[in-house]
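Dropping model-v7.txt in here (compact mmCIF, N, CA and C atoms and all ligand atoms):
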```txt
# COMPACT_ATOMS: atom_id res chain seq x y z
N MET A 1 0.83 -1.21 0.00
CA MET A 1 0.00 0.00 0.00
C MET A 1 0.86 1.25 0.00
N LYS A 2 0.40 2.22 -0.71
CA LYS A 2 1.19 3.44 -0.80
C LYS A 2 1.02 4.28 0.47
N GLN A 3 2.12 4.71 0.99
CA GLN A 3 2.10 5.54 2.19
C GLN A 3 1.79 6.97 1.78
N ILE A 4 0.78 7.54 2.39
CA ILE A 4 0.47 8.94 2.07
C ILE A 4 0.94 9.82 3.23
N THR A 5 1.77 10.75 2.90
CA THR A 5 2.26 11.64 3.95
C THR A 5 1.26 12.76 4.19
N GLU A 6 1.07 13.07 5.43
CA GLU A 6 0.12 14.11 5.78
C GLU A 6 0.68 15.48 5.39
N CYS A 7 -0.15 16.25 4.74
CA CYS A 7 0.28 17.58 4.36
C CYS A 7 0.25 18.48 5.60
N PRO A 8 1.33 19.18 5.91
CA PRO A 8 1.37 20.02 7.12
C PRO A 8 0.42 21.20 7.05
N ILE A 9 0.00 21.56 5.88
CA ILE A 9 -0.90 22.71 5.76
C ILE A 9 -2.36 22.28 5.79
N CYS A 10 -2.71 21.27 5.04
CA CYS A 10 -4.10 20.83 4.99
C CYS A 10 -4.47 19.94 6.16
N LYS A 11 -3.50 19.33 6.79
CA LYS A 11 -3.73 18.39 7.89
C LYS A 11 -4.59 17.20 7.46
N VAL A 12 -4.51 16.87 6.22
CA VAL A 12 -5.21 15.68 5.76
C VAL A 12 -4.20 14.80 5.03
N GLY A 13 -4.59 13.57 4.82
CA GLY A 13 -3.70 12.63 4.18
C GLY A 13 -3.37 13.01 2.75
N GLU A 14 -4.33 13.61 2.14
CA GLU A 14 -4.18 13.87 0.72
C GLU A 14 -4.83 15.19 0.38
N CYS A 15 -4.08 16.11 -0.17
CA CYS A 15 -4.77 17.34 -0.58
C CYS A 15 -5.22 17.15 -2.01
N LYS A 16 -6.40 17.60 -2.27
CA LYS A 16 -6.95 17.44 -3.62
C LYS A 16 -6.72 18.73 -4.38
N GLY A 17 -5.76 18.69 -5.22
CA GLY A 17 -5.46 19.92 -5.93
C GLY A 17 -5.23 19.72 -7.39
N TYR A 18 -6.15 19.03 -8.02
CA TYR A 18 -5.98 18.78 -9.46
C TYR A 18 -5.73 20.05 -10.23
N PHE A 19 -6.34 21.10 -9.78
CA PHE A 19 -6.25 22.36 -10.53
C PHE A 19 -5.31 23.35 -9.86
N GLY A 20 -4.60 22.87 -8.88
CA GLY A 20 -3.69 23.74 -8.15
C GLY A 20 -4.40 24.34 -6.95
N LEU A 21 -3.62 24.71 -5.96
CA LEU A 21 -4.17 25.27 -4.74
C LEU A 21 -3.39 26.53 -4.38
N CYS A 22 -4.00 27.36 -3.57
CA CYS A 22 -3.31 28.54 -3.07
C CYS A 22 -2.04 28.08 -2.37
N PRO A 23 -0.88 28.63 -2.74
CA PRO A 23 0.37 28.16 -2.14
C PRO A 23 0.46 28.44 -0.64
N VAL A 24 -0.35 29.36 -0.15
CA VAL A 24 -0.30 29.71 1.27
C VAL A 24 -1.14 28.75 2.11
N CYS A 25 -2.37 28.51 1.70
CA CYS A 25 -3.30 27.75 2.55
C CYS A 25 -3.75 26.42 1.95
N HIS A 26 -3.34 26.12 0.73
CA HIS A 26 -3.75 24.87 0.06
C HIS A 26 -5.27 24.77 -0.08
N GLU A 27 -5.88 25.88 -0.33
CA GLU A 27 -7.31 25.86 -0.57
C GLU A 27 -7.61 26.71 -1.79
N THR A 28 -8.84 26.61 -2.25
CA THR A 28 -9.26 27.49 -3.32
C THR A 28 -10.72 27.82 -3.11
N ASP A 29 -11.12 28.99 -3.52
CA ASP A 29 -12.52 29.37 -3.38
C ASP A 29 -13.31 29.13 -4.66
N GLY A 30 -12.65 28.53 -5.65
CA GLY A 30 -13.37 28.26 -6.87
C GLY A 30 -12.66 28.89 -8.05
N TYR A 31 -13.39 29.08 -9.11
CA TYR A 31 -12.76 29.64 -10.28
C TYR A 31 -13.70 30.60 -10.99
N ALA A 32 -13.09 31.39 -11.85
CA ALA A 32 -13.86 32.28 -12.71
C ALA A 32 -13.35 32.05 -14.12
N ASN A 33 -14.21 32.24 -15.08
CA ASN A 33 -13.80 32.03 -16.46
C ASN A 33 -13.31 33.33 -17.08
N ALA A 34 -12.34 33.19 -17.94
CA ALA A 34 -11.88 34.32 -18.75
C ALA A 34 -11.80 33.78 -20.17
N GLY A 35 -12.84 34.03 -20.91
CA GLY A 35 -12.91 33.41 -22.22
C GLY A 35 -13.05 31.91 -22.01
N ARG A 36 -12.18 31.13 -22.64
CA ARG A 36 -12.23 29.68 -22.48
C ARG A 36 -11.40 29.20 -21.29
N SER A 37 -10.61 30.10 -20.72
CA SER A 37 -9.72 29.63 -19.67
C SER A 37 -10.31 29.87 -18.28
N HIS A 38 -9.79 29.10 -17.34
CA HIS A 38 -10.33 29.12 -15.99
C HIS A 38 -9.27 29.60 -15.02
N ARG A 39 -9.66 30.52 -14.20
CA ARG A 39 -8.72 31.06 -13.22
C ARG A 39 -9.24 30.75 -11.83
N PHE A 40 -8.46 29.96 -11.10
CA PHE A 40 -8.80 29.65 -9.72
C PHE A 40 -8.24 30.73 -8.82
N TYR A 41 -8.84 30.84 -7.65
CA TYR A 41 -8.39 31.90 -6.76
C TYR A 41 -8.62 31.56 -5.30
N CYS A 42 -7.91 32.27 -4.45
CA CYS A 42 -8.12 32.20 -3.00
C CYS A 42 -8.41 33.62 -2.56
N LYS A 43 -9.60 33.81 -2.03
CA LYS A 43 -10.01 35.17 -1.64
C LYS A 43 -9.20 35.67 -0.46
N GLU A 44 -8.91 34.77 0.47
CA GLU A 44 -8.23 35.21 1.69
C GLU A 44 -6.84 35.77 1.38
N HIS A 45 -6.12 35.10 0.51
CA HIS A 45 -4.75 35.52 0.24
C HIS A 45 -4.59 36.29 -1.07
N LYS A 46 -5.72 36.51 -1.73
CA LYS A 46 -5.72 37.26 -2.99
C LYS A 46 -4.71 36.70 -3.99
N THR A 47 -4.76 35.39 -4.12
CA THR A 47 -3.89 34.73 -5.10
C THR A 47 -4.77 34.15 -6.19
N SER A 48 -4.25 34.07 -7.38
CA SER A 48 -4.99 33.42 -8.45
C SER A 48 -4.03 32.81 -9.44
N TRP A 49 -4.51 31.80 -10.12
CA TRP A 49 -3.66 31.10 -11.07
C TRP A 49 -4.55 30.49 -12.15
N CYS A 50 -3.95 30.34 -13.30
CA CYS A 50 -4.70 29.80 -14.42
C CYS A 50 -4.63 28.28 -14.38
N ALA A 51 -5.76 27.62 -14.49
CA ALA A 51 -5.77 26.17 -14.37
C ALA A 51 -5.92 25.47 -15.72
N GLY A 52 -5.96 26.24 -16.77
CA GLY A 52 -6.11 25.61 -18.07
C GLY A 52 -7.32 26.18 -18.77
N SER A 53 -7.61 25.64 -19.92
CA SER A 53 -8.76 26.17 -20.63
C SER A 53 -9.66 25.05 -21.12
N ASN A 54 -10.91 25.40 -21.20
CA ASN A 54 -11.93 24.49 -21.70
C ASN A 54 -12.05 23.21 -20.89
N LEU A 55 -11.74 23.26 -19.60
CA LEU A 55 -11.88 22.09 -18.73
C LEU A 55 -13.32 21.97 -18.27
N PHE A 56 -13.94 23.10 -18.04
CA PHE A 56 -15.33 23.12 -17.60
C PHE A 56 -16.15 23.77 -18.71
N SER A 57 -17.33 23.24 -18.90
CA SER A 57 -18.11 23.78 -20.01
C SER A 57 -18.81 25.08 -19.64
N SER A 58 -18.71 25.49 -18.37
CA SER A 58 -19.47 26.67 -17.93
C SER A 58 -19.16 27.92 -18.75
N TRP A 59 -17.95 28.02 -19.25
CA TRP A 59 -17.59 29.26 -19.98
C TRP A 59 -18.46 29.48 -21.21
N ARG A 60 -18.96 28.39 -21.77
CA ARG A 60 -19.78 28.51 -22.98
C ARG A 60 -21.09 29.23 -22.73
N TYR A 61 -21.55 29.14 -21.49
CA TYR A 61 -22.87 29.69 -21.18
C TYR A 61 -22.79 31.09 -20.60
N GLN A 62 -21.59 31.65 -20.60
CA GLN A 62 -21.43 33.00 -20.08
C GLN A 62 -21.01 33.93 -21.20
N THR A 63 -21.59 35.10 -21.18
CA THR A 63 -21.14 36.10 -22.14
C THR A 63 -19.91 36.77 -21.55
N GLU A 64 -19.20 37.51 -22.39
CA GLU A 64 -18.02 38.18 -21.90
C GLU A 64 -18.40 39.18 -20.80
N ALA A 65 -19.54 39.84 -20.97
CA ALA A 65 -19.99 40.80 -19.97
C ALA A 65 -20.26 40.11 -18.64
N GLU A 66 -20.83 38.92 -18.71
CA GLU A 66 -21.11 38.17 -17.47
C GLU A 66 -19.80 37.76 -16.79
N GLN A 67 -18.86 37.33 -17.61
CA GLN A 67 -17.56 36.94 -17.05
C GLN A 67 -16.88 38.13 -16.37
N ARG A 68 -16.96 39.28 -17.03
CA ARG A 68 -16.35 40.48 -16.46
C ARG A 68 -17.01 40.87 -15.15
N ALA A 69 -18.32 40.73 -15.10
CA ALA A 69 -19.05 41.08 -13.87
C ALA A 69 -18.60 40.19 -12.72
N ILE A 70 -18.39 38.90 -13.02
CA ILE A 70 -17.94 37.96 -11.99
C ILE A 70 -16.53 38.34 -11.52
N TRP A 71 -15.68 38.66 -12.49
CA TRP A 71 -14.30 39.08 -12.14
C TRP A 71 -14.31 40.29 -11.25
N ASP A 72 -15.17 41.27 -11.63
CA ASP A 72 -15.21 42.50 -10.85
C ASP A 72 -15.74 42.24 -9.44
N GLU A 73 -16.72 41.36 -9.36
CA GLU A 73 -17.32 41.07 -8.07
C GLU A 73 -16.28 40.44 -7.13
N ILE A 74 -15.49 39.55 -7.67
CA ILE A 74 -14.45 38.90 -6.86
C ILE A 74 -13.27 39.84 -6.66
N GLY A 75 -13.07 40.73 -7.61
CA GLY A 75 -11.94 41.64 -7.55
C GLY A 75 -10.68 40.99 -8.09
N LEU A 76 -10.88 40.05 -9.01
CA LEU A 76 -9.75 39.26 -9.52
C LEU A 76 -8.62 40.07 -10.14
N ASN A 77 -8.96 41.25 -10.63
CA ASN A 77 -7.90 42.07 -11.23
C ASN A 77 -6.84 42.46 -10.21
N TYR A 78 -7.22 42.44 -8.94
CA TYR A 78 -6.29 42.86 -7.89
C TYR A 78 -5.61 41.68 -7.22
N PHE A 79 -5.91 40.50 -7.67
CA PHE A 79 -5.28 39.32 -7.08
C PHE A 79 -3.91 39.12 -7.68
N GLU A 80 -3.05 38.50 -6.90
CA GLU A 80 -1.69 38.26 -7.37
C GLU A 80 -1.66 36.96 -8.18
N ASP A 81 -0.98 37.02 -9.29
CA ASP A 81 -0.83 35.84 -10.13
C ASP A 81 0.28 34.97 -9.53
N VAL A 82 -0.05 33.80 -9.07
CA VAL A 82 0.94 32.96 -8.39
C VAL A 82 1.10 31.59 -9.07
N GLU A 83 2.18 30.92 -8.76
CA GLU A 83 2.35 29.53 -9.13
C GLU A 83 1.51 28.74 -8.13
N PRO A 84 0.57 27.97 -8.56
CA PRO A 84 -0.25 27.24 -7.58
C PRO A 84 0.54 26.11 -6.94
N TYR A 85 0.10 25.71 -5.77
CA TYR A 85 0.67 24.52 -5.15
C TYR A 85 -0.05 23.31 -5.73
N ILE A 86 0.70 22.36 -6.22
CA ILE A 86 0.10 21.12 -6.72
C ILE A 86 0.59 19.98 -5.84
N PRO A 87 -0.30 19.35 -5.10
CA PRO A 87 0.13 18.28 -4.21
C PRO A 87 0.84 17.18 -4.97
N PRO A 88 1.93 16.66 -4.43
CA PRO A 88 2.66 15.62 -5.15
C PRO A 88 1.82 14.37 -5.38
N GLU A 89 0.84 14.15 -4.52
CA GLU A 89 0.00 12.96 -4.68
C GLU A 89 -1.01 13.12 -5.81
N CYS A 90 -1.24 14.34 -6.19
CA CYS A 90 -2.21 14.61 -7.25
C CYS A 90 -1.48 14.91 -8.54
N THR A 91 -1.90 14.28 -9.57
CA THR A 91 -1.31 14.64 -10.84
C THR A 91 -2.09 15.83 -11.34
N SER A 92 -1.39 16.79 -11.82
CA SER A 92 -2.09 17.94 -12.35
C SER A 92 -2.94 17.47 -13.50
N PHE A 93 -4.20 17.85 -13.41
CA PHE A 93 -5.17 17.33 -14.30
C PHE A 93 -4.99 17.73 -15.73
N ALA A 94 -4.73 19.01 -15.91
CA ALA A 94 -4.61 19.52 -17.27
C ALA A 94 -3.42 18.88 -17.96
N ALA A 95 -2.37 18.62 -17.20
CA ALA A 95 -1.16 18.06 -17.79
C ALA A 95 -1.36 16.58 -18.11
N ASP A 96 -2.20 15.95 -17.32
CA ASP A 96 -2.35 14.51 -17.40
C ASP A 96 -3.32 14.08 -18.50
N THR A 97 -4.43 14.74 -18.56
CA THR A 97 -5.47 14.33 -19.48
C THR A 97 -6.30 15.53 -19.86
N ASN A 98 -6.93 15.47 -20.97
CA ASN A 98 -7.81 16.57 -21.35
C ASN A 98 -9.23 16.33 -20.90
N GLU A 99 -9.44 15.16 -20.33
CA GLU A 99 -10.79 14.85 -19.91
C GLU A 99 -11.09 15.44 -18.55
N THR A 100 -12.27 15.92 -18.39
CA THR A 100 -12.69 16.47 -17.12
C THR A 100 -13.61 15.46 -16.47
N PRO A 101 -13.37 15.13 -15.20
CA PRO A 101 -14.29 14.20 -14.57
C PRO A 101 -15.69 14.80 -14.52
N ARG A 102 -16.66 13.96 -14.65
CA ARG A 102 -18.04 14.40 -14.75
C ARG A 102 -18.46 15.31 -13.60
N GLU A 103 -18.09 14.90 -12.40
CA GLU A 103 -18.55 15.69 -11.24
C GLU A 103 -17.94 17.08 -11.24
N VAL A 104 -16.77 17.21 -11.82
CA VAL A 104 -16.12 18.51 -11.86
C VAL A 104 -16.75 19.37 -12.95
N ASP A 105 -17.13 18.74 -14.03
CA ASP A 105 -17.68 19.48 -15.15
C ASP A 105 -19.04 20.11 -14.83
N THR A 106 -19.71 19.60 -13.81
CA THR A 106 -21.02 20.15 -13.48
C THR A 106 -20.90 21.35 -12.56
N LEU A 107 -19.69 21.66 -12.15
CA LEU A 107 -19.47 22.83 -11.30
C LEU A 107 -19.85 24.11 -12.01
N LYS A 108 -20.41 25.01 -11.26
CA LYS A 108 -20.68 26.32 -11.83
C LYS A 108 -19.51 27.23 -11.46
N ALA A 109 -19.30 28.23 -12.26
CA ALA A 109 -18.24 29.18 -11.95
C ALA A 109 -18.51 29.76 -10.56
N GLY A 110 -17.47 29.86 -9.78
CA GLY A 110 -17.63 30.41 -8.44
C GLY A 110 -17.78 29.34 -7.39
N GLU A 111 -17.94 28.08 -7.82
CA GLU A 111 -18.03 26.99 -6.86
C GLU A 111 -16.68 26.31 -6.73
N ALA A 112 -16.31 25.97 -5.52
CA ALA A 112 -15.04 25.27 -5.33
C ALA A 112 -15.26 23.80 -5.63
N PRO A 113 -14.30 23.19 -6.33
CA PRO A 113 -14.47 21.78 -6.70
C PRO A 113 -14.22 20.80 -5.57
N PHE A 114 -13.61 21.24 -4.48
CA PHE A 114 -13.34 20.27 -3.41
C PHE A 114 -13.57 20.89 -2.05
ZN ZN B 1 -1.84 20.49 1.37
ZN ZN B 2 -4.98 31.02 0.43
```

Reformat the file's structure so that it appears as structure tokens.
Amino acid sequence: MKQITECPICKVGECKGYFGLCPVCHETDGYANAGRSHRFYCKEHKTSWCAGSNLFSSWRYQTEAEQRAIWDEIGLNYFEDVEPYIPPECTSFAADTNETPREVDTLKAGEAPF
């Protein structure tokens, strides 16, 4: 059996960070779309990072104006662009496969996947 080391930040056996996590707290508050690409963010630490594009179908149902309104509401323009933390136990999803798991694809923008 594979030994899973406890993450000192999340205090759990396995942090779920397919799309990357805030490097400070290993959490994310969800994502916002920018065109076809998805930007995850942590509100507490004002960090954000790009998780790839066209992973979630939600972007198709938003107009550019709607996307901008969401960005403004979160204040994403003022967030710092960071390298996300990717748990070693998790393979980065975008790098690994282009397929999005079904449960993740049903997420709406603004919802955290984990
Ligand atoms: Zn962690
Ligand atoms: Zn954070």

#### Entry: One-decimal distance in Å that lies between atom C of Trp59 (chain A) and atom N of Cys25 (chain A)
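The value is 28.0 Å.
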
Can I get the residues of chain A within 7 Å of ligand ZN 2 (chain B), each with the closest pair of atoms and their distance in Å to one decimal, using only C-alpha atoms and all ligand atoms, sorted chain first then ascending number, as JSON lines?
```
{"residue": "A:Cys22", "atom": "CA", "partner": "B:ZN2", "partner_atom": "ZN", "distance": 4.6}
{"residue": "A:Pro23", "atom": "CA", "partner": "B:ZN2", "partner_atom": "ZN", "distance": 6.6}
{"residue": "A:Val24", "atom": "CA", "partner": "B:ZN2", "partner_atom": "ZN", "distance": 4.9}
{"residue": "A:Cys25", "atom": "CA", "partner": "B:ZN2", "partner_atom": "ZN", "distance": 4.2}
{"residue": "A:His26", "atom": "CA", "partner": "B:ZN2", "partner_atom": "ZN", "distance": 6.3}
{"residue": "A:Glu27", "atom": "CA", "partner": "B:ZN2", "partner_atom": "ZN", "distance": 5.7}
{"residue": "A:Thr28", "atom": "CA", "partner": "B:ZN2", "partner_atom": "ZN", "distance": 6.7}
{"residue": "A:Cys42", "atom": "CA", "partner": "B:ZN2", "partner_atom": "ZN", "distance": 4.8}
{"residue": "A:Lys43", "atom": "CA", "partner": "B:ZN2", "partner_atom": "ZN", "distance": 6.8}
{"residue": "A:Glu44", "atom": "CA", "partner": "B:ZN2", "partner_atom": "ZN", "distance": 5.5}
{"residue": "A:His45", "atom": "CA", "partner": "B:ZN2", "partner_atom": "ZN", "distance": 4.5}
{"residue": "A:Thr47", "atom": "CA", "partner": "B:ZN2", "partner_atom": "ZN", "distance": 6.7}
```

Could the residues of chain A that have an atom at most 5 Å from ligand ZN 1 (chain B) be listed as JSON lines, each with its closest atom pair and the distance in Å to one decimal, counting only N, CA and C atoms and all ligand atoms and ordered by chain and ascending residue number?
```
{"residue": "A:Cys7", "atom": "CA", "partner": "B:ZN1", "partner_atom": "ZN", "distance": 4.7}
{"residue": "A:Ile9", "atom": "C", "partner": "B:ZN1", "partner_atom": "ZN", "distance": 4.8}
{"residue": "A:Cys10", "atom": "N", "partner": "B:ZN1", "partner_atom": "ZN", "distance": 3.9}
{"residue": "A:Cys15", "atom": "CA", "partner": "B:ZN1", "partner_atom": "ZN", "distance": 4.7}
{"residue": "A:His26", "atom": "CA", "partner": "B:ZN1", "partner_atom": "ZN", "distance": 5.0}
```

Ref. answer, residues at most 10 Å from (1.9, 28.2, -10.7) with only C-alpha atoms, as a PDB file with N, CA and C atoms, keeping the file's coordinate frame:
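For reference, selection-v4.pdb as written:
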```pdb
ATOM      1  N   GLY A  20      -4.600  22.870  -8.880  1.00  0.00           N
ATOM      2  CA  GLY A  20      -3.690  23.740  -8.150  1.00  0.00           C
ATOM      3  C   GLY A  20      -4.400  24.340  -6.950  1.00  0.00           C
ATOM      4  N   LEU A  21      -3.620  24.710  -5.960  1.00  0.00           N
ATOM      5  CA  LEU A  21      -4.170  25.270  -4.740  1.00  0.00           C
ATOM      6  C   LEU A  21      -3.390  26.530  -4.380  1.00  0.00           C
ATOM      7  N   CYS A  22      -4.000  27.360  -3.570  1.00  0.00           N
ATOM      8  CA  CYS A  22      -3.310  28.540  -3.070  1.00  0.00           C
ATOM      9  C   CYS A  22      -2.040  28.080  -2.370  1.00  0.00           C
ATOM     10  N   PRO A  23      -0.880  28.630  -2.740  1.00  0.00           N
ATOM     11  CA  PRO A  23       0.370  28.160  -2.140  1.00  0.00           C
ATOM     12  C   PRO A  23       0.460  28.440  -0.640  1.00  0.00           C
ATOM     13  N   SER A  48      -4.250  34.070  -7.380  1.00  0.00           N
ATOM     14  CA  SER A  48      -4.990  33.420  -8.450  1.00  0.00           C
ATOM     15  C   SER A  48      -4.030  32.810  -9.440  1.00  0.00           C
ATOM     16  N   TRP A  49      -4.510  31.800 -10.120  1.00  0.00           N
ATOM     17  CA  TRP A  49      -3.660  31.100 -11.070  1.00  0.00           C
ATOM     18  C   TRP A  49      -4.550  30.490 -12.150  1.00  0.00           C
ATOM     19  N   CYS A  50      -3.950  30.340 -13.300  1.00  0.00           N
ATOM     20  CA  CYS A  50      -4.700  29.800 -14.420  1.00  0.00           C
ATOM     21  C   CYS A  50      -4.630  28.280 -14.380  1.00  0.00           C
ATOM     22  N   ALA A  51      -5.760  27.620 -14.490  1.00  0.00           N
ATOM     23  CA  ALA A  51      -5.770  26.170 -14.370  1.00  0.00           C
ATOM     24  C   ALA A  51      -5.920  25.470 -15.720  1.00  0.00           C
ATOM     25  N   ASP A  81      -0.980  37.020  -9.290  1.00  0.00           N
ATOM     26  CA  ASP A  81      -0.830  35.840 -10.130  1.00  0.00           C
ATOM     27  C   ASP A  81       0.280  34.970  -9.530  1.00  0.00           C
ATOM     28  N   VAL A  82      -0.050  33.800  -9.070  1.00  0.00           N
ATOM     29  CA  VAL A  82       0.940  32.960  -8.390  1.00  0.00           C
ATOM     30  C   VAL A  82       1.100  31.590  -9.070  1.00  0.00           C
ATOM     31  N   GLU A  83       2.180  30.920  -8.760  1.00  0.00           N
ATOM     32  CA  GLU A  83       2.350  29.530  -9.130  1.00  0.00           C
ATOM     33  C   GLU A  83       1.510  28.740  -8.130  1.00  0.00           C
ATOM     34  N   PRO A  84       0.570  27.970  -8.560  1.00  0.00           N
ATOM     35  CA  PRO A  84      -0.250  27.240  -7.580  1.00  0.00           C
ATOM     36  C   PRO A  84       0.540  26.110  -6.940  1.00  0.00           C
ATOM     37  N   TYR A  85       0.100  25.710  -5.770  1.00  0.00           N
ATOM     38  CA  TYR A  85       0.670  24.520  -5.150  1.00  0.00           C
ATOM     39  C   TYR A  85      -0.050  23.310  -5.730  1.00  0.00           C
ATOM     40  N   ILE A  86       0.700  22.360  -6.220  1.00  0.00           N
ATOM     41  CA  ILE A  86       0.100  21.120  -6.720  1.00  0.00           C
ATOM     42  C   ILE A  86       0.590  19.980  -5.840  1.00  0.00           C
TER      43      ILE A  86
END
```

### Message
Could you tell me how far atom C of Tyr18 (chain A) sits from CA of Ala65 (chain A), in Å to one decimal place?
### Response
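Going from CA of Ala65 (chain A) over to atom C of Tyr18 (chain A), I get 27.0 Å.
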
### Task
Once DSSP has gone over the backbone, tell me which residues of region 5-89 of chain A are in helix (DSSP H, G or I), as a ChimeraX atom specification.
/A:57-61,64-74,76-78

### Task
Using all atoms listed in the file, pick whichever of A:Ser58, A:Pro88, A:Lys11, A:Gly17 has the shortest atom-to-atom distance to Gly35 (chain A).
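So, comparing all the options, the nearest one is A:Ser58.
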
### Atomic separation - CA of Glu80 (chain A) relative to CA of Glu66 (chain A), Å
21.9 Å

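In terms of minimum interatomic distance to Phe79 (chain A), A:Lys46 ranks closest within A:Lys46, A:Gly52, A:Gln67, A:Phe40, counting all atoms listed in the file.
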
### Task
Find the residue from A:Tyr61, A:Pro87, A:Arg68, A:Pro8 that sits nearest to Ala34 (chain A); use all atoms listed in the file when measuring.
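Using all atoms listed in the file, the shortest distance to Ala34 (chain A) belongs to A:Arg68.
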
Around the point (-12.1, 26.9, -13.7), in the coordinates given by the file, pick out the residues reaching within 7 Å, counting all atoms listed in the file, and return them as a tab-separated table (two decimals) with N, CA and C atoms, keeping the file's coordinate frame.
```
chain	number	residue	atom	x	y	z
A	30	GLY	N	-12.65	28.53	-5.65
A	30	GLY	CA	-13.37	28.26	-6.87
A	30	GLY	C	-12.66	28.89	-8.05
A	31	TYR	N	-13.39	29.08	-9.11
A	31	TYR	CA	-12.76	29.64	-10.28
A	31	TYR	C	-13.70	30.60	-10.99
A	32	ALA	N	-13.09	31.39	-11.85
A	32	ALA	CA	-13.86	32.28	-12.71
A	32	ALA	C	-13.35	32.05	-14.12
A	33	ASN	N	-14.21	32.24	-15.08
A	33	ASN	CA	-13.80	32.03	-16.46
A	33	ASN	C	-13.31	33.33	-17.08
A	37	SER	N	-10.61	30.10	-20.72
A	37	SER	CA	-9.72	29.63	-19.67
A	37	SER	C	-10.31	29.87	-18.28
A	38	HIS	N	-9.79	29.10	-17.34
A	38	HIS	CA	-10.33	29.12	-15.99
A	38	HIS	C	-9.27	29.60	-15.02
A	39	ARG	N	-9.66	30.52	-14.20
A	39	ARG	CA	-8.72	31.06	-13.22
A	39	ARG	C	-9.24	30.75	-11.83
A	40	PHE	N	-8.46	29.96	-11.10
A	40	PHE	CA	-8.80	29.65	-9.72
A	40	PHE	C	-8.24	30.73	-8.82
A	51	ALA	N	-5.76	27.62	-14.49
A	51	ALA	CA	-5.77	26.17	-14.37
A	51	ALA	C	-5.92	25.47	-15.72
A	52	GLY	N	-5.96	26.24	-16.77
A	52	GLY	CA	-6.11	25.61	-18.07
A	52	GLY	C	-7.32	26.18	-18.77
A	55	LEU	N	-11.74	23.26	-19.60
A	55	LEU	CA	-11.88	22.09	-18.73
A	55	LEU	C	-13.32	21.97	-18.27
A	56	PHE	N	-13.94	23.10	-18.04
A	56	PHE	CA	-15.33	23.12	-17.60
A	56	PHE	C	-16.15	23.77	-18.71
A	109	ALA	N	-19.30	28.23	-12.26
A	109	ALA	CA	-18.24	29.18	-11.95
A	109	ALA	C	-18.51	29.76	-10.56
```
